[in-house]
$ cat structure38.cif   # mmCIF, C-alpha atoms
data_my_file
loop_
_atom_site.label_atom_id
_atom_site.label_comp_id
_atom_site.auth_asym_id
_atom_site.auth_seq_id
_atom_site.Cartn_x
_atom_site.Cartn_y
_atom_site.Cartn_z
CA MET A 20 -12.13 8.32 -117.42
CA ALA A 21 -15.22 10.61 -117.55
CA LYS A 22 -15.16 13.78 -119.67
CA PHE A 23 -17.02 16.98 -118.82
CA CYS A 24 -18.60 19.68 -120.90
CA SER A 25 -16.49 22.82 -121.16
CA ASN A 26 -19.68 24.94 -121.18
CA CYS A 27 -21.93 23.55 -118.44
CA GLY A 28 -19.47 21.27 -116.64
CA LYS A 29 -21.74 18.24 -116.73
CA PRO A 30 -20.49 14.79 -117.76
CA ILE A 31 -20.64 13.95 -121.43
CA GLN A 32 -20.70 10.63 -123.24
CA GLN A 33 -17.39 9.12 -124.27
CA ASN A 34 -18.07 9.28 -128.02
CA GLY A 35 -20.71 12.02 -128.06
CA LYS A 36 -20.50 14.95 -130.45
CA PHE A 37 -22.77 17.28 -128.41
CA CYS A 38 -23.50 17.80 -124.71
CA VAL A 39 -26.95 16.31 -124.00
CA PHE A 40 -27.55 18.95 -121.31
CA CYS A 41 -26.69 22.22 -123.05
CA GLY A 42 -26.07 21.20 -126.66
CA GLU A 43 -22.48 22.43 -126.66
CA LYS A 44 -20.40 20.87 -129.39
CA ILE A 45 -17.62 18.69 -128.05
CA THR A 46 -14.32 20.05 -129.36
CA LYS A 47 -11.13 18.22 -130.25
CA HIS A 48 -9.48 20.14 -127.44
CA GLN A 49 -11.47 18.16 -124.92
CA ASP A 50 -10.46 14.90 -126.60
CA SER A 51 -6.82 15.94 -126.68
CA THR A 52 -6.96 16.84 -122.97
CA GLN A 53 -7.89 13.26 -122.25
CA SER A 54 -5.10 12.03 -124.52
CA ASP A 55 -2.60 14.37 -122.85
CA PHE A 56 -3.63 13.07 -119.46
CA GLN A 57 -3.17 9.48 -120.59
CA GLU A 58 0.24 10.31 -122.10
CA LYS A 59 1.39 11.97 -118.88
CA ARG A 60 0.09 9.03 -116.88
CA ASP A 61 2.04 6.60 -119.06
CA LYS A 62 5.21 8.68 -118.66
CA VAL A 63 4.85 8.75 -114.89
CA LEU A 64 4.24 5.02 -114.74
CA GLY A 65 7.21 4.42 -117.02
CA LYS A 66 9.42 6.64 -114.87
CA ASN A 67 8.31 4.83 -111.75
CA SER A 68 9.08 1.52 -113.43
CA LYS A 69 12.63 2.69 -114.16
CA GLN A 70 13.01 3.96 -110.60
CA ASN A 71 11.82 0.61 -109.24
CA SER A 72 14.31 -1.18 -111.48
CA SER A 73 17.10 1.10 -110.25
CA ARG A 74 16.11 0.46 -106.66
CA LYS A 75 16.25 -3.29 -107.25
CA TRP A 76 19.76 -3.07 -108.68
CA PHE A 77 20.85 -0.83 -105.81
CA SER A 78 19.41 -3.26 -103.25
CA ALA A 79 21.16 -6.18 -104.94
CA ALA A 80 24.46 -4.29 -104.87
CA ILE A 81 24.03 -3.53 -101.16
CA VAL A 82 23.38 -7.23 -100.44
CA VAL A 83 26.54 -8.25 -102.34
CA ILE A 84 28.67 -5.65 -100.53
CA LEU A 85 27.32 -6.67 -97.13
CA SER A 86 27.91 -10.35 -97.91
CA LEU A 87 31.51 -9.67 -98.90
CA GLY A 88 31.99 -7.58 -95.77
CA ILE A 89 30.64 -10.35 -93.54
CA TRP A 90 32.85 -12.92 -95.29
CA PHE A 91 35.95 -10.73 -94.87
CA PHE A 92 35.12 -10.13 -91.21
CA ILE A 93 34.71 -13.85 -90.51
CA GLU A 94 37.89 -14.73 -92.41
CA ASN A 95 39.87 -12.28 -90.32
CA LEU A 96 38.42 -13.09 -86.93
CA PRO A 97 41.09 -13.86 -84.37
CA GLY A 98 40.98 -17.08 -82.42
CA SER A 99 41.10 -19.77 -85.13
CA ALA A 100 42.97 -22.89 -84.04
CA ASN A 101 46.46 -23.70 -85.28
CA PRO A 102 46.65 -27.51 -85.60
CA ILE A 103 50.42 -27.64 -85.02
CA ILE A 104 50.21 -25.57 -81.85
CA GLU A 105 47.16 -27.52 -80.70
CA ALA A 106 49.26 -30.71 -80.85
CA GLN A 107 52.19 -29.20 -78.96
CA PRO A 108 53.02 -30.40 -75.42
CA THR A 109 51.99 -28.41 -72.37
CA VAL A 110 55.12 -27.54 -70.37
CA SER A 111 53.80 -25.03 -67.86
CA SER A 112 50.73 -23.77 -66.10
CA SER A 113 49.07 -20.74 -67.69
CA VAL A 114 51.39 -17.77 -68.18
CA SER A 115 50.50 -14.08 -67.93
CA TYR A 116 52.90 -11.79 -69.76
CA PRO A 117 53.26 -8.13 -68.73
CA GLN A 118 52.02 -5.18 -70.78
CA GLY A 119 55.66 -4.21 -71.17
CA ARG A 120 57.95 -5.70 -73.77
CA VAL A 121 59.38 -9.22 -73.31
CA ASN A 122 62.34 -9.63 -75.67
CA MET A 123 63.88 -12.75 -77.13
CA ALA A 124 66.81 -14.35 -75.30
CA ASP A 125 69.40 -15.80 -77.67
CA VAL A 126 70.55 -19.37 -76.91
CA PRO A 127 72.73 -21.82 -78.85
CA ALA A 128 71.22 -24.98 -80.34
CA LYS A 129 72.92 -28.27 -81.13
CA ILE A 130 72.23 -30.85 -83.81
CA GLU A 131 72.43 -34.54 -82.93
CA ASP A 132 71.03 -37.61 -84.69
CA GLY A 133 68.87 -35.55 -87.03
CA LYS A 134 67.41 -33.43 -84.21
CA ILE A 135 67.76 -29.73 -83.42
CA ILE A 136 68.01 -29.58 -79.63
CA ILE A 137 67.63 -26.81 -77.05
CA PRO A 138 67.25 -27.15 -73.26
CA LEU A 139 63.68 -27.13 -71.99
CA GLY A 140 64.75 -25.45 -68.77
CA ILE A 141 65.97 -22.32 -70.58
CA VAL A 142 62.62 -21.88 -72.32
CA GLN A 143 60.77 -22.38 -69.05
CA GLN A 144 62.98 -19.80 -67.41
CA GLN A 145 63.23 -17.19 -70.17
CA LYS A 146 59.74 -17.82 -71.68
CA PHE A 147 60.87 -16.54 -75.10
CA ILE A 148 64.06 -17.56 -76.89
CA ALA A 149 65.74 -17.29 -80.31
CA PHE A 150 68.12 -19.83 -81.82
CA ASN A 151 69.42 -20.79 -85.27
CA TYR A 152 69.66 -23.87 -87.41
CA THR A 153 72.82 -23.71 -89.50
CA ALA A 154 73.87 -26.68 -91.62
CA ASN A 155 74.83 -27.46 -95.23
CA GLY A 156 75.01 -23.78 -96.09
CA LYS A 157 71.47 -23.09 -94.86
CA ASN A 158 70.57 -20.82 -91.97
CA VAL A 159 67.04 -20.74 -90.56
CA PRO A 160 66.21 -18.53 -87.57
CA LEU A 161 63.96 -20.26 -85.03
CA LEU A 162 62.07 -19.27 -81.91
CA ALA A 163 60.42 -20.94 -78.96
CA TYR A 164 58.08 -19.58 -76.32
CA ILE A 165 55.50 -20.71 -73.81
CA SER A 166 51.99 -19.63 -74.73
CA GLY A 167 49.52 -18.15 -72.31
CA ALA A 168 47.90 -21.58 -72.08
CA GLY A 169 51.26 -23.12 -71.10
CA LYS A 170 51.97 -24.84 -74.42
CA LEU A 171 55.40 -24.96 -75.99
CA VAL A 172 55.39 -23.13 -79.33
CA THR A 173 58.27 -23.56 -81.78
CA ALA A 174 58.38 -21.76 -85.13
CA VAL A 175 60.53 -20.28 -87.87
CA SER A 176 61.44 -16.85 -86.55
CA MET A 177 60.58 -14.80 -89.60
CA CYS A 178 57.98 -12.22 -90.62
CA GLU A 179 58.36 -13.01 -94.31
CA PRO A 180 56.80 -9.91 -95.95
CA CYS A 181 59.14 -7.53 -94.09
CA ASN A 182 62.04 -10.00 -93.59
CA SER A 183 62.23 -9.37 -89.85
CA VAL A 184 63.57 -12.21 -87.70
CA ARG A 185 63.05 -10.55 -84.31
CA PHE A 186 59.88 -10.41 -82.24
CA HIS A 187 58.75 -9.58 -78.75
CA ILE A 188 55.83 -10.54 -76.52
CA LYS A 189 53.43 -7.99 -75.11
CA ALA A 190 50.61 -9.25 -72.89
CA GLU A 191 48.76 -11.80 -75.06
CA SER A 192 50.35 -10.82 -78.36
CA LEU A 193 53.42 -11.69 -80.40
CA VAL A 194 54.74 -8.55 -82.10
CA CYS A 195 57.10 -8.13 -85.06
CA ASN A 196 59.95 -5.78 -84.11
CA SER A 197 60.12 -4.36 -87.64
CA CYS A 198 56.56 -3.78 -88.88
CA GLY A 199 54.62 -4.00 -85.61
CA THR A 200 52.21 -6.66 -86.89
CA THR A 201 50.62 -8.55 -84.00
CA TRP A 202 49.40 -12.12 -83.63
CA GLU A 203 47.64 -13.99 -80.85
CA LEU A 204 50.23 -15.67 -78.67
CA ASP A 205 48.22 -18.89 -78.22
CA ASN A 206 47.57 -19.67 -81.90
CA LEU A 207 49.41 -17.09 -84.08
CA SER A 208 46.15 -15.79 -85.53
CA ALA A 209 46.47 -12.28 -86.96
CA ILE A 210 45.30 -9.38 -84.82
CA SER A 211 46.56 -6.34 -86.72
CA GLY A 212 49.19 -5.19 -89.19
CA ALA A 213 50.11 -5.60 -92.84
CA CYS A 214 51.91 -8.94 -92.42
CA GLY A 215 49.12 -10.69 -90.52
CA LYS A 216 48.77 -13.54 -93.01
CA TYR A 217 52.37 -14.59 -92.45
CA PRO A 218 53.07 -15.20 -88.75
CA PRO A 219 56.17 -17.15 -87.68
CA ASP A 220 55.61 -20.52 -89.31
CA ALA A 221 54.83 -23.00 -86.51
CA ILE A 222 56.77 -26.28 -86.60
CA PRO A 223 56.24 -29.36 -84.42
CA SER A 224 58.58 -30.26 -81.58
CA THR A 225 58.71 -32.89 -78.86
CA ILE A 226 59.96 -33.09 -75.29
CA VAL A 227 62.53 -35.82 -74.58
CA GLY A 228 63.75 -35.73 -71.01
CA ASN A 229 64.90 -32.16 -70.43
CA GLU A 230 65.31 -31.36 -74.11
CA ILE A 231 63.17 -29.78 -76.78
CA GLN A 232 63.76 -31.64 -80.03
CA ILE A 233 62.83 -30.54 -83.54
CA ASP A 234 63.15 -32.81 -86.58
CA GLU A 235 66.09 -31.41 -88.58
CA THR A 236 64.49 -32.49 -91.88
CA ILE A 237 61.48 -30.21 -91.33
CA VAL A 238 63.68 -27.16 -90.85
CA ALA A 239 66.20 -28.08 -93.56
CA ASN A 240 63.35 -28.38 -96.10
CA TRP A 241 61.49 -25.28 -94.95
CA LYS A 242 60.75 -22.76 -97.69
CA ARG A 243 59.42 -19.24 -97.53
CA ARG A 244 55.69 -18.89 -98.17
CA ILE A 245 56.18 -15.72 -100.22
#
$ encode --input "structure38.cif" --output "structure tokens"
Amino acid sequence: MAKFCSNCGKPIQQNGKFCVFCGEKITKHQDSTQSDFQEKRDKVLGKNSKQNSSRKWFSAAIVVILSLGIWFFIENLPGSANPIIEAQPTVSSSVSYPQGRVNMADVPAKIEDGKIIIPLGIVQQQKFIAFNYTANGKNVPLLAYISGAGKLVTAVSMCEPCNSVRFHIKAESLVCNSCGTTWELDNLSAISGACGKYPPDAIPSTIVGNEIQIDETIVANWKRRI
């Protein structure tokens, strides 16, 4: 960087001792001014380097947070298929439930030849029923309903985190009577609520004549998920 004479203001040589224009002696003050400038410049550049490094770390943190947010959003999207429900028989045309509350209707079940049996006609009529498997000192509450798509859904009637065994249907949702957690009626995917990860545990069933049959072994060996 060029230096200038403090007397006449004209440029002076880098290592000169006197100004070639006016003969003014070059003082140490002029040299130190240049050094001070360089020192300040280095400090500014160093500060900028630290700021740039901080910005890079901040940007990386933002990317990580956004990635986690996107992953959480995708993991909790409603609408994922339930393979057990997908394989269930269709027993009705599409069903539209009212915005009001549709409660469970309690019906008795019977056990014959290793099957838990309830009448198909009652489910078609009531749309949403509750029944119990009781044998060998074990009691498991069960439910059956017809989904909006017309499929028969059978499941263990329990919201395990809050221990509720009663539910109701509202429009396109299954709702826990105790905690208010809601799931999609067609696939039991979580919609809202603290117990969303633990919907009624779907179990397979078949239609034989006018009966809904559930393998007794599946229910007898059922264990809580939490």
$ closest_residue --input "structure38.cif" --among "A:Val194, A:Val114, A:Glu230, A:Ile245" --to "A:Ala209" --atoms "all atoms listed in the file"
A:Val194
$ closest_residue --input "structure38.cif" --among "A:Ile188, A:Ala100, A:Val159, A:Ala80" --to "A:Ala124" --atoms "only C-alpha atoms"
A:Ile188
$ atom_distance --input "structure38.cif" --atom1 "atom CA of A:Glu179" --atom2 "atom CA of A:Ile233"
21.1 Å
$ resolve_selection --input "structure38.cif" --expression "the PyMOL selection byres ((chain A and resi 206) around 12)" --output "PDB file with C-alpha atoms, in the frame of the given file"
ATOM      1  CA  PRO A  97      41.090 -13.860 -84.370  1.00  0.00           C
ATOM      2  CA  GLY A  98      40.980 -17.080 -82.420  1.00  0.00           C
ATOM      3  CA  SER A  99      41.100 -19.770 -85.130  1.00  0.00           C
ATOM      4  CA  ALA A 100      42.970 -22.890 -84.040  1.00  0.00           C
ATOM      5  CA  ASN A 101      46.460 -23.700 -85.280  1.00  0.00           C
ATOM      6  CA  PRO A 102      46.650 -27.510 -85.600  1.00  0.00           C
ATOM      7  CA  ILE A 103      50.420 -27.640 -85.020  1.00  0.00           C
ATOM      8  CA  ILE A 104      50.210 -25.570 -81.850  1.00  0.00           C
ATOM      9  CA  GLU A 105      47.160 -27.520 -80.700  1.00  0.00           C
ATOM     10  CA  ALA A 106      49.260 -30.710 -80.850  1.00  0.00           C
ATOM     11  CA  GLN A 107      52.190 -29.200 -78.960  1.00  0.00           C
ATOM     12  CA  TYR A 164      58.080 -19.580 -76.320  1.00  0.00           C
ATOM     13  CA  ILE A 165      55.500 -20.710 -73.810  1.00  0.00           C
ATOM     14  CA  SER A 166      51.990 -19.630 -74.730  1.00  0.00           C
ATOM     15  CA  GLY A 167      49.520 -18.150 -72.310  1.00  0.00           C
ATOM     16  CA  ALA A 168      47.900 -21.580 -72.080  1.00  0.00           C
ATOM     17  CA  GLY A 169      51.260 -23.120 -71.100  1.00  0.00           C
ATOM     18  CA  LYS A 170      51.970 -24.840 -74.420  1.00  0.00           C
ATOM     19  CA  LEU A 171      55.400 -24.960 -75.990  1.00  0.00           C
ATOM     20  CA  VAL A 172      55.390 -23.130 -79.330  1.00  0.00           C
ATOM     21  CA  THR A 173      58.270 -23.560 -81.780  1.00  0.00           C
ATOM     22  CA  ALA A 174      58.380 -21.760 -85.130  1.00  0.00           C
ATOM     23  CA  GLU A 191      48.760 -11.800 -75.060  1.00  0.00           C
ATOM     24  CA  SER A 192      50.350 -10.820 -78.360  1.00  0.00           C
ATOM     25  CA  LEU A 193      53.420 -11.690 -80.400  1.00  0.00           C
ATOM     26  CA  THR A 201      50.620  -8.550 -84.000  1.00  0.00           C
ATOM     27  CA  TRP A 202      49.400 -12.120 -83.630  1.00  0.00           C
ATOM     28  CA  GLU A 203      47.640 -13.990 -80.850  1.00  0.00           C
ATOM     29  CA  LEU A 204      50.230 -15.670 -78.670  1.00  0.00           C
ATOM     30  CA  ASP A 205      48.220 -18.890 -78.220  1.00  0.00           C
ATOM     31  CA  LEU A 207      49.410 -17.090 -84.080  1.00  0.00           C
ATOM     32  CA  SER A 208      46.150 -15.790 -85.530  1.00  0.00           C
ATOM     33  CA  ALA A 209      46.470 -12.280 -86.960  1.00  0.00           C
ATOM     34  CA  ILE A 210      45.300  -9.380 -84.820  1.00  0.00           C
ATOM     35  CA  PRO A 218      53.070 -15.200 -88.750  1.00  0.00           C
ATOM     36  CA  PRO A 219      56.170 -17.150 -87.680  1.00  0.00           C
ATOM     37  CA  ASP A 220      55.610 -20.520 -89.310  1.00  0.00           C
ATOM     38  CA  ALA A 221      54.830 -23.000 -86.510  1.00  0.00           C
TER      39      ALA A 221
END
$ closest_residue --input "structure38.cif" --among "A:Leu87, A:Ile226, A:Cys195, A:Val184" --to "A:Thr109" --atoms "only C-alpha atoms"
A:Ile226
$ closest_residue --input "structure38.cif" --among "A:Gly140, A:Gly212, A:Gly133, A:Pro160" --to "A:Asn229" --atoms "all atoms listed in the file"
A:Gly140
$ atom_distance --input "structure38.cif" --atom1 "atom CA of A:Lys129" --atom2 "atom CA of A:Tyr217"
27.2 Å
$ resolve_selection --input "structure38.cif" --expression "the PyMOL selection byres ((chain A and resi 122) around 6)" --output "PyMOL selection string"
chain A and resi 121+123+187
$ closest_residue --input "structure38.cif" --among "A:Glu43, A:Asp132, A:Glu235, A:Asp125" --to "A:Ile31" --atoms "all atoms listed in the file"
A:Glu43
$ atom_distance --input "structure38.cif" --atom1 "atom CA of A:Asn182" --atom2 "atom CA of A:Leu162"
14.9 Å
$ residues_around --input "structure38.cif" --residues "A:Ser25" --least-positions-apart "3" --cutoff "9 Å" --atoms "all atoms listed in the file" --output "count of residues only"
6
$ closest_residue --input "structure38.cif" --among "A:Pro127, A:Arg244, A:Thr236, A:Phe147" --to "A:Cys178" --atoms "all atoms listed in the file"
A:Arg244
$ residues_around --input "structure38.cif" --residues "A:Gln32" --least-positions-apart "3" --cutoff "10 Å" --atoms "only C-alpha atoms" --output "list of chain:residue names"
A:Ala21, A:Lys22, A:Phe23, A:Cys24, A:Gly35, A:Lys36, A:Phe37, A:Cys38, A:Val39, A:Ile45
$ resolve_selection --input "structure38.cif" --expression "the PyMOL selection byres ((chain A and resi 196-198) around 6)" --output "ChimeraX atom specification"
/A:183,185-186,195,199-200
$ residues_around --input "structure38.cif" --residues "A:Gln118" --least-positions-apart "2" --cutoff "7 Å" --atoms "only C-alpha atoms" --output "PyMOL selection string"
chain A and resi 116+120+189-190
$ write_last_selection --input "structure38.cif" --atoms "C-alpha atoms" --output "PDB file, in the coordinates of the input"
ATOM      1  CA  TYR A 116      52.900 -11.790 -69.760  1.00  0.00           C
ATOM      2  CA  ARG A 120      57.950  -5.700 -73.770  1.00  0.00           C
ATOM      3  CA  LYS A 189      53.430  -7.990 -75.110  1.00  0.00           C
ATOM      4  CA  ALA A 190      50.610  -9.250 -72.890  1.00  0.00           C
TER       5      ALA A 190
END
$ axis_aligned_box --input "structure38.cif" --around "stretch 111-123 of chain A" --padding-each-side "4 Å" --output "JSON"
{"center_x": 56.5, "center_y": -14.6, "center_z": -71.6, "size_x": 22.8, "size_y": 28.8, "size_z": 19.0}
$ residues_near_point --input "structure38.cif" --point "(69.8, -27.7, -84.3)" --cutoff "8 Å" --atoms "all atoms listed in the file" --output "PyMOL selection string"
chain A and resi 128-131+134-137+151-153+233+235
